[in-house]
Amino acid sequence: MRISRCQLILLACFSANTFFSASTLAAQTTVAHILSRPSPSPQDVANLESHVLESPEDIAARTQLLQLYLATAPLPPYDDPVRRAIRLQHILYLVGHHPEAPVCASKEAYVYRVKGPYASPADHDAVRAQWLASFQAHWGNSQVTLNAVKVLAMEDKDDAEIVLRRAMDAEPDNREIAANLGFLYAKEILGPDPASHARDELEQSSNAIVLSAAGMALANLSKSAPSIDGKTDRRIFNLASELSARARQLAPDDKDIPGTAMIKHFIAAQEGIGGAGWR
């Protein structure tokens with residue numbers, strides 16, 4: 001949905017009137033959030049949209065708009081195609097021009113495929129394609145890689161794995177990227193769907209960082225994963241121990257196995273879009 005400059009400002013006014021009107025909010029069953037400052041008026045939102053059109057590189061202003069659009073998103077299955085289209089334009093611009101920015105890998109800039117605020121298969125695929133293009137355009141930029149993985153790992157895990165593997169080819173000594181591949185495999189193993197692929201990849205891997213990261217993630221994430229008869233699945237702990245042992249065997253003198261650096265990477269990975277408590 002292409003929107004002209006003038007239309008965008010007018011639609012921003014309309015959209016702002018929609019989500020800052022108490023009666024309309026109730027009618028559209030909109031999510032209620034407590035903002036840290038008074039809600040802006042419709043004119044404030046229109047002015048902010050106009051400012052971004054004049055100063056497209058103002059990341060802070062785009063971030064503020066994305067925060068406002070998410071904070072007032074209609075609850076599914078309700079939708080607001082106008083507001084969704086405006087929000088999508090901001091996301092595509094940021095991912096296309098500033099994929100290294102923290103906001104690009106935040107909940108404010110995430111587009112669900114089916115379930116979630118502003119969910120849309122077409123919009124999701126557009127953002128997915130932009131992330132893949134930005135990763136290719138910023139080959140070797142680890143921050144872009146990690147941001148792309150945080151987004152893709154939510155609903156496009158195959159793409160996330162491809163991105164990490166290609167990034168490892170570009171930066172074979174980057175331990176954080178290797179660790180994130182291990183974390184990704186661990187999450188797949190603990191996920192609701194069969195994860196034979198992840199197990200096979202770990203079984204064949206000779207990368208000590210990938211193995212150590214997967215073992216650490218399995219040991220930690222399994223504590224909150226569904227268990228059998230109220231007991232932790234012993235097979236997961238056995239696998240975690242096996243992976244950790246193989247990692248130490250491959251690199252017995254490596255202080256990062258597991259080490260504080262690995263823990264730091266794990267914590268950073270958990271702060272991604274799908275992290276605990278953000279939905």
# chains A, B, ... in the order shown; residues from 1 in each chain; ligands from 1
$ residues_around --residues "Ser142 (chain A)" --least-positions-apart "6" --cutoff "12 Å" --atoms "only C-alpha atoms" --output "NGL selection string"
:A and (99-100 or 135-136 or 148-149 or 163-164 or 166-178 or 180)
$ write_last_selection --atoms "N, CA, C and O atoms" --output "mmCIF file, in the first residue's frame"
data_model
loop_
_atom_site.group_PDB
_atom_site.id
_atom_site.type_symbol
_atom_site.label_atom_id
_atom_site.label_comp_id
_atom_site.auth_asym_id
_atom_site.auth_seq_id
_atom_site.Cartn_x
_atom_site.Cartn_y
_atom_site.Cartn_z
ATOM 1 N N PRO A 99 19.816 -0.889 9.729
ATOM 2 C CA PRO A 99 19.537 -2.198 10.330
ATOM 3 C C PRO A 99 20.335 -2.475 11.602
ATOM 4 O O PRO A 99 20.002 -3.400 12.330
ATOM 5 N N GLU A 100 21.356 -1.667 11.855
ATOM 6 C CA GLU A 100 22.150 -1.844 13.075
ATOM 7 C C GLU A 100 21.508 -1.188 14.295
ATOM 8 O O GLU A 100 21.902 -1.457 15.432
ATOM 9 N N PHE A 135 21.046 -7.646 5.418
ATOM 10 C CA PHE A 135 22.152 -8.502 5.846
ATOM 11 C C PHE A 135 23.173 -8.658 4.724
ATOM 12 O O PHE A 135 24.386 -8.563 4.938
ATOM 13 N N GLN A 136 22.696 -8.879 3.512
ATOM 14 C CA GLN A 136 23.588 -9.036 2.369
ATOM 15 C C GLN A 136 24.334 -7.738 2.081
ATOM 16 O O GLN A 136 25.526 -7.757 1.734
ATOM 17 N N ALA A 148 19.281 -9.031 12.715
ATOM 18 C CA ALA A 148 18.510 -9.834 11.766
ATOM 19 C C ALA A 148 18.110 -11.166 12.388
ATOM 20 O O ALA A 148 16.969 -11.626 12.227
ATOM 21 N N VAL A 149 19.024 -11.787 13.108
ATOM 22 C CA VAL A 149 18.740 -13.086 13.720
ATOM 23 C C VAL A 149 17.664 -12.966 14.789
ATOM 24 O O VAL A 149 16.780 -13.818 14.899
ATOM 25 N N VAL A 163 21.454 -17.083 7.915
ATOM 26 C CA VAL A 163 22.163 -15.828 8.189
ATOM 27 C C VAL A 163 23.358 -16.075 9.100
ATOM 28 O O VAL A 163 24.470 -15.581 8.847
ATOM 29 N N LEU A 164 23.174 -16.853 10.154
ATOM 30 C CA LEU A 164 24.264 -17.116 11.087
ATOM 31 C C LEU A 164 25.382 -17.914 10.420
ATOM 32 O O LEU A 164 26.569 -17.642 10.636
ATOM 33 N N ARG A 166 26.179 -18.009 7.232
ATOM 34 C CA ARG A 166 26.888 -17.138 6.295
ATOM 35 C C ARG A 166 27.750 -16.119 7.037
ATOM 36 O O ARG A 166 28.857 -15.791 6.587
ATOM 37 N N ALA A 167 27.249 -15.631 8.147
ATOM 38 C CA ALA A 167 28.026 -14.680 8.943
ATOM 39 C C ALA A 167 29.277 -15.339 9.518
ATOM 40 O O ALA A 167 30.339 -14.706 9.614
ATOM 41 N N MET A 168 29.161 -16.613 9.883
ATOM 42 C CA MET A 168 30.333 -17.334 10.381
ATOM 43 C C MET A 168 31.382 -17.499 9.282
ATOM 44 O O MET A 168 32.587 -17.483 9.557
ATOM 45 N N ASP A 169 30.943 -17.637 8.045
ATOM 46 C CA ASP A 169 31.886 -17.698 6.931
ATOM 47 C C ASP A 169 32.619 -16.373 6.771
ATOM 48 O O ASP A 169 33.822 -16.346 6.450
ATOM 49 N N ALA A 170 31.881 -15.267 6.991
ATOM 50 C CA ALA A 170 32.485 -13.938 6.850
ATOM 51 C C ALA A 170 33.349 -13.574 8.052
ATOM 52 O O ALA A 170 34.358 -12.881 7.906
ATOM 53 N N GLU A 171 32.942 -14.026 9.234
ATOM 54 C CA GLU A 171 33.672 -13.716 10.466
ATOM 55 C C GLU A 171 33.896 -14.998 11.263
ATOM 56 O O GLU A 171 33.248 -15.231 12.285
ATOM 57 N N PRO A 172 34.799 -15.838 10.824
ATOM 58 C CA PRO A 172 35.000 -17.126 11.498
ATOM 59 C C PRO A 172 35.475 -17.018 12.946
ATOM 60 O O PRO A 172 35.305 -17.961 13.718
ATOM 61 N N ASP A 173 36.037 -15.874 13.321
ATOM 62 C CA ASP A 173 36.527 -15.699 14.691
ATOM 63 C C ASP A 173 35.531 -14.984 15.598
ATOM 64 O O ASP A 173 35.844 -14.719 16.770
ATOM 65 N N ASN A 174 34.359 -14.657 15.070
ATOM 66 C CA ASN A 174 33.361 -13.952 15.872
ATOM 67 C C ASN A 174 32.611 -14.959 16.744
ATOM 68 O O ASN A 174 31.771 -15.721 16.271
ATOM 69 N N ARG A 175 32.934 -14.954 18.016
ATOM 70 C CA ARG A 175 32.374 -15.953 18.930
ATOM 71 C C ARG A 175 30.903 -15.696 19.270
ATOM 72 O O ARG A 175 30.161 -16.635 19.548
ATOM 73 N N GLU A 176 30.498 -14.454 19.249
ATOM 74 C CA GLU A 176 29.097 -14.161 19.570
ATOM 75 C C GLU A 176 28.176 -14.719 18.492
ATOM 76 O O GLU A 176 27.101 -15.243 18.793
ATOM 77 N N ILE A 177 28.574 -14.625 17.243
ATOM 78 C CA ILE A 177 27.770 -15.174 16.157
ATOM 79 C C ILE A 177 27.701 -16.691 16.271
ATOM 80 O O ILE A 177 26.630 -17.301 16.148
ATOM 81 N N ALA A 178 28.848 -17.326 16.529
ATOM 82 C CA ALA A 178 28.853 -18.783 16.697
ATOM 83 C C ALA A 178 27.992 -19.195 17.882
ATOM 84 O O ALA A 178 27.252 -20.190 17.815
ATOM 85 N N ASN A 180 25.399 -17.655 19.043
ATOM 86 C CA ASN A 180 23.985 -17.497 18.706
ATOM 87 C C ASN A 180 23.465 -18.645 17.847
ATOM 88 O O ASN A 180 22.283 -18.976 17.927
#
$ residues_around --residues "Ile257 (chain A)" --least-positions-apart "3" --cutoff "8 Å" --atoms "only C-alpha atoms" --output "list in words"
Ala208, Ile209, Ser212, Ala247, Arg248, Ala251, Asp254 and Met262 of chain A
$ closest_residue --among "A:Ala240, A:Thr260, A:Glu271, A:Arg199" --to "Pro102 (chain A)" --atoms "only C-alpha atoms"
A:Glu271
$ closest_residue --among "A:His98, A:Arg165, A:Lys157, A:Arg234" --to "Ser134 (chain A)" --atoms "only C-alpha atoms"
A:His98
$ atom_distance --atom1 "CA of Glu155 (chain A)" --atom2 "CA of Gln130 (chain A)"
15.0 Å
$ residues_around --residues "Asp159 (chain A)" --least-positions-apart "5" --cutoff "12 Å" --atoms "only C-alpha atoms" --output "compact mmCIF listing (two decimals) with all heavy atoms, in the first residue's frame"
# COMPACT_ATOMS: atom_id res chain seq x y z
N ASP A 125 6.30 -10.76 5.28
CA ASP A 125 7.22 -11.18 4.23
C ASP A 125 8.01 -10.00 3.67
O ASP A 125 9.18 -10.16 3.28
CB ASP A 125 6.45 -11.87 3.10
CG ASP A 125 5.98 -13.27 3.51
OD1 ASP A 125 6.53 -13.83 4.47
OD2 ASP A 125 5.05 -13.79 2.86
N ARG A 128 10.69 -9.37 6.25
CA ARG A 128 11.64 -10.49 6.17
C ARG A 128 12.58 -10.30 4.98
O ARG A 128 13.81 -10.45 5.10
CB ARG A 128 10.88 -11.80 6.03
CG ARG A 128 11.74 -13.01 5.65
CD ARG A 128 10.88 -14.25 5.43
NE ARG A 128 11.66 -15.33 4.85
CZ ARG A 128 11.83 -15.50 3.54
NH1 ARG A 128 11.25 -14.66 2.68
NH2 ARG A 128 12.56 -16.50 3.08
N ALA A 129 12.02 -9.97 3.82
CA ALA A 129 12.83 -9.76 2.62
C ALA A 129 13.79 -8.59 2.80
O ALA A 129 14.95 -8.65 2.35
CB ALA A 129 11.93 -9.52 1.41
N TRP A 131 15.09 -7.58 5.63
CA TRP A 131 16.16 -8.01 6.54
C TRP A 131 17.21 -8.83 5.78
O TRP A 131 18.43 -8.63 5.98
CB TRP A 131 15.60 -8.83 7.70
CG TRP A 131 15.30 -7.99 8.90
CD1 TRP A 131 14.08 -7.77 9.47
CD2 TRP A 131 16.24 -7.25 9.68
NE1 TRP A 131 14.20 -6.94 10.56
CE2 TRP A 131 15.51 -6.61 10.72
CE3 TRP A 131 17.62 -7.06 9.63
CZ2 TRP A 131 16.13 -5.80 11.67
CZ3 TRP A 131 18.23 -6.26 10.58
CH2 TRP A 131 17.50 -5.63 11.58
N LEU A 132 16.78 -9.73 4.93
CA LEU A 132 17.73 -10.54 4.17
C LEU A 132 18.56 -9.67 3.24
O LEU A 132 19.77 -9.89 3.07
CB LEU A 132 16.98 -11.62 3.39
CG LEU A 132 16.28 -12.69 4.25
CD1 LEU A 132 15.48 -13.64 3.37
CD2 LEU A 132 17.29 -13.46 5.09
N ALA A 133 17.92 -8.66 2.64
CA ALA A 133 18.64 -7.75 1.76
C ALA A 133 19.62 -6.89 2.55
O ALA A 133 20.76 -6.66 2.10
CB ALA A 133 17.64 -6.86 1.00
N PHE A 135 21.05 -7.65 5.42
CA PHE A 135 22.15 -8.50 5.85
C PHE A 135 23.17 -8.66 4.72
O PHE A 135 24.39 -8.56 4.94
CB PHE A 135 21.62 -9.87 6.27
CG PHE A 135 22.69 -10.92 6.41
CD1 PHE A 135 23.59 -10.88 7.46
CD2 PHE A 135 22.79 -11.94 5.48
CE1 PHE A 135 24.59 -11.84 7.58
CE2 PHE A 135 23.78 -12.91 5.60
CZ PHE A 135 24.68 -12.85 6.65
N THR A 145 23.91 -8.48 11.67
CA THR A 145 23.64 -9.92 11.72
C THR A 145 22.83 -10.30 12.94
O THR A 145 21.82 -11.01 12.85
CB THR A 145 24.96 -10.71 11.73
OG1 THR A 145 25.66 -10.47 10.50
CG2 THR A 145 24.70 -12.21 11.87
N ALA A 148 19.28 -9.03 12.71
CA ALA A 148 18.51 -9.83 11.77
C ALA A 148 18.11 -11.17 12.39
O ALA A 148 16.97 -11.63 12.23
CB ALA A 148 19.33 -10.06 10.50
N VAL A 149 19.02 -11.79 13.11
CA VAL A 149 18.74 -13.09 13.72
C VAL A 149 17.66 -12.97 14.79
O VAL A 149 16.78 -13.82 14.90
CB VAL A 149 20.03 -13.69 14.30
CG1 VAL A 149 19.71 -14.90 15.18
CG2 VAL A 149 20.97 -14.09 13.18
N LYS A 150 17.71 -11.92 15.59
CA LYS A 150 16.70 -11.73 16.63
C LYS A 150 15.30 -11.64 16.02
O LYS A 150 14.33 -12.17 16.58
CB LYS A 150 17.00 -10.46 17.44
CG LYS A 150 18.15 -10.60 18.41
CD LYS A 150 18.38 -9.32 19.19
CE LYS A 150 19.51 -9.48 20.19
NZ LYS A 150 19.76 -8.25 20.96
N VAL A 151 15.20 -11.00 14.86
CA VAL A 151 13.90 -10.86 14.20
C VAL A 151 13.51 -12.16 13.50
O VAL A 151 12.40 -12.68 13.69
CB VAL A 151 13.94 -9.70 13.18
CG1 VAL A 151 12.63 -9.63 12.40
CG2 VAL A 151 14.20 -8.37 13.90
N LEU A 152 14.40 -12.70 12.71
CA LEU A 152 14.08 -13.90 11.92
C LEU A 152 13.83 -15.12 12.79
O LEU A 152 13.03 -15.99 12.42
CB LEU A 152 15.21 -14.17 10.93
CG LEU A 152 15.43 -13.11 9.85
CD1 LEU A 152 16.70 -13.39 9.07
CD2 LEU A 152 14.23 -13.02 8.92
N ALA A 153 14.49 -15.20 13.93
CA ALA A 153 14.34 -16.37 14.80
C ALA A 153 12.94 -16.50 15.37
O ALA A 153 12.56 -17.59 15.83
CB ALA A 153 15.36 -16.32 15.93
N MET A 154 12.16 -15.45 15.32
CA MET A 154 10.80 -15.51 15.85
C MET A 154 9.91 -16.43 15.02
O MET A 154 9.26 -17.33 15.55
CB MET A 154 10.20 -14.10 15.89
CG MET A 154 10.68 -13.26 17.06
SD MET A 154 10.02 -13.83 18.63
CE MET A 154 8.29 -13.43 18.45
N LEU A 164 23.17 -16.85 10.15
CA LEU A 164 24.26 -17.12 11.09
C LEU A 164 25.38 -17.91 10.42
O LEU A 164 26.57 -17.64 10.64
CB LEU A 164 23.74 -17.86 12.32
CG LEU A 164 22.96 -17.01 13.31
CD1 LEU A 164 22.25 -17.89 14.33
CD2 LEU A 164 23.88 -16.02 14.02
N ARG A 165 25.02 -18.89 9.62
CA ARG A 165 26.05 -19.70 8.96
C ARG A 165 26.85 -18.86 7.96
O ARG A 165 28.08 -18.98 7.87
CB ARG A 165 25.40 -20.88 8.25
CG ARG A 165 24.98 -22.01 9.20
CD ARG A 165 24.55 -23.24 8.44
NE ARG A 165 24.43 -24.39 9.31
CZ ARG A 165 25.45 -25.14 9.72
NH1 ARG A 165 26.69 -24.84 9.35
NH2 ARG A 165 25.25 -26.18 10.50
N ARG A 166 26.18 -18.01 7.23
CA ARG A 166 26.89 -17.14 6.30
C ARG A 166 27.75 -16.12 7.04
O ARG A 166 28.86 -15.79 6.59
CB ARG A 166 25.88 -16.43 5.38
CG ARG A 166 25.21 -17.37 4.39
CD ARG A 166 24.22 -16.64 3.50
NE ARG A 166 23.62 -17.54 2.52
CZ ARG A 166 22.64 -17.19 1.70
NH1 ARG A 166 22.14 -15.95 1.73
NH2 ARG A 166 22.15 -18.06 0.84
N LEU A 181 24.34 -19.25 17.05
CA LEU A 181 23.92 -20.42 16.30
C LEU A 181 23.63 -21.57 17.26
O LEU A 181 22.63 -22.30 17.11
CB LEU A 181 24.98 -20.84 15.29
CG LEU A 181 24.64 -22.04 14.40
CD1 LEU A 181 23.36 -21.78 13.60
CD2 LEU A 181 25.80 -22.36 13.45
N LEU A 184 20.34 -20.90 18.93
CA LEU A 184 19.22 -21.15 18.01
C LEU A 184 18.90 -22.64 17.96
O LEU A 184 17.73 -23.04 18.02
CB LEU A 184 19.57 -20.64 16.61
CG LEU A 184 18.49 -20.83 15.54
CD1 LEU A 184 17.27 -19.96 15.84
CD2 LEU A 184 19.04 -20.49 14.15
$ closest_residue --among "A:Ala85, A:Leu70, A:Ala269, A:Ala198" --to "Tyr110 (chain A)" --atoms "only C-alpha atoms"
A:Leu70
$ residues_around --residues "Ser241 (chain A)" --least-positions-apart "6" --cutoff "9 Å" --atoms "only C-alpha atoms" --output "CSV table (one decimal) with all heavy atoms, in the first residue's frame"
chain,number,residue,atom,x,y,z
A,215,GLY,N,24.8,-26.3,24.7
A,215,GLY,CA,24.8,-26.9,26.0
A,215,GLY,C,24.3,-26.0,27.1
A,215,GLY,O,23.5,-26.3,27.9
A,216,MET,N,24.9,-24.8,27.1
A,216,MET,CA,24.5,-23.8,28.1
A,216,MET,C,23.0,-23.4,28.0
A,216,MET,O,22.3,-23.4,29.0
A,216,MET,CB,25.3,-22.6,28.0
A,216,MET,CG,24.8,-21.4,28.9
A,216,MET,SD,25.7,-19.9,28.6
A,216,MET,CE,27.3,-20.2,29.3
A,219,ALA,N,20.6,-26.2,29.1
A,219,ALA,CA,20.6,-26.4,30.6
A,219,ALA,C,19.8,-25.3,31.2
A,219,ALA,O,19.1,-25.5,32.2
A,219,ALA,CB,22.0,-26.4,31.1
$ residues_around --residues "Lys187 (chain A)" --least-positions-apart "5" --cutoff "9 Å" --atoms "only C-alpha atoms" --output "ChimeraX atom specification"
/A:182,214,217-218,221
$ write_last_selection --atoms "N, CA and C atoms" --output "PDB file, in the first residue's frame"
ATOM      1  N   GLY A 182      24.475 -21.725  18.269  1.00  0.00           N
ATOM      2  CA  GLY A 182      24.222 -22.744  19.287  1.00  0.00           C
ATOM      3  C   GLY A 182      22.936 -22.475  20.051  1.00  0.00           C
ATOM      4  N   ALA A 214      25.152 -24.197  22.840  1.00  0.00           N
ATOM      5  CA  ALA A 214      23.941 -25.020  22.817  1.00  0.00           C
ATOM      6  C   ALA A 214      23.763 -25.739  24.145  1.00  0.00           C
ATOM      7  N   ALA A 217      22.592 -23.175  26.741  1.00  0.00           N
ATOM      8  CA  ALA A 217      21.208 -22.766  26.516  1.00  0.00           C
ATOM      9  C   ALA A 217      20.224 -23.868  26.901  1.00  0.00           C
ATOM     10  N   LEU A 218      20.541 -25.109  26.558  1.00  0.00           N
ATOM     11  CA  LEU A 218      19.658 -26.227  26.912  1.00  0.00           C
ATOM     12  C   LEU A 218      19.519 -26.354  28.420  1.00  0.00           C
ATOM     13  N   LEU A 221      17.467 -23.006  29.512  1.00  0.00           N
ATOM     14  CA  LEU A 221      16.120 -22.835  28.977  1.00  0.00           C
ATOM     15  C   LEU A 221      15.203 -24.003  29.309  1.00  0.00           C
TER      16      LEU A 221
END
$ atom_distance --atom1 "CA of Asn220 (chain A)" --atom2 "CA of Pro192 (chain A)"
17.1 Å
$ closest_residue --among "A:Val210, A:Ala109, A:Cys104, A:Leu94" --to "Tyr69 (chain A)" --atoms "only C-alpha atoms"
A:Ala109
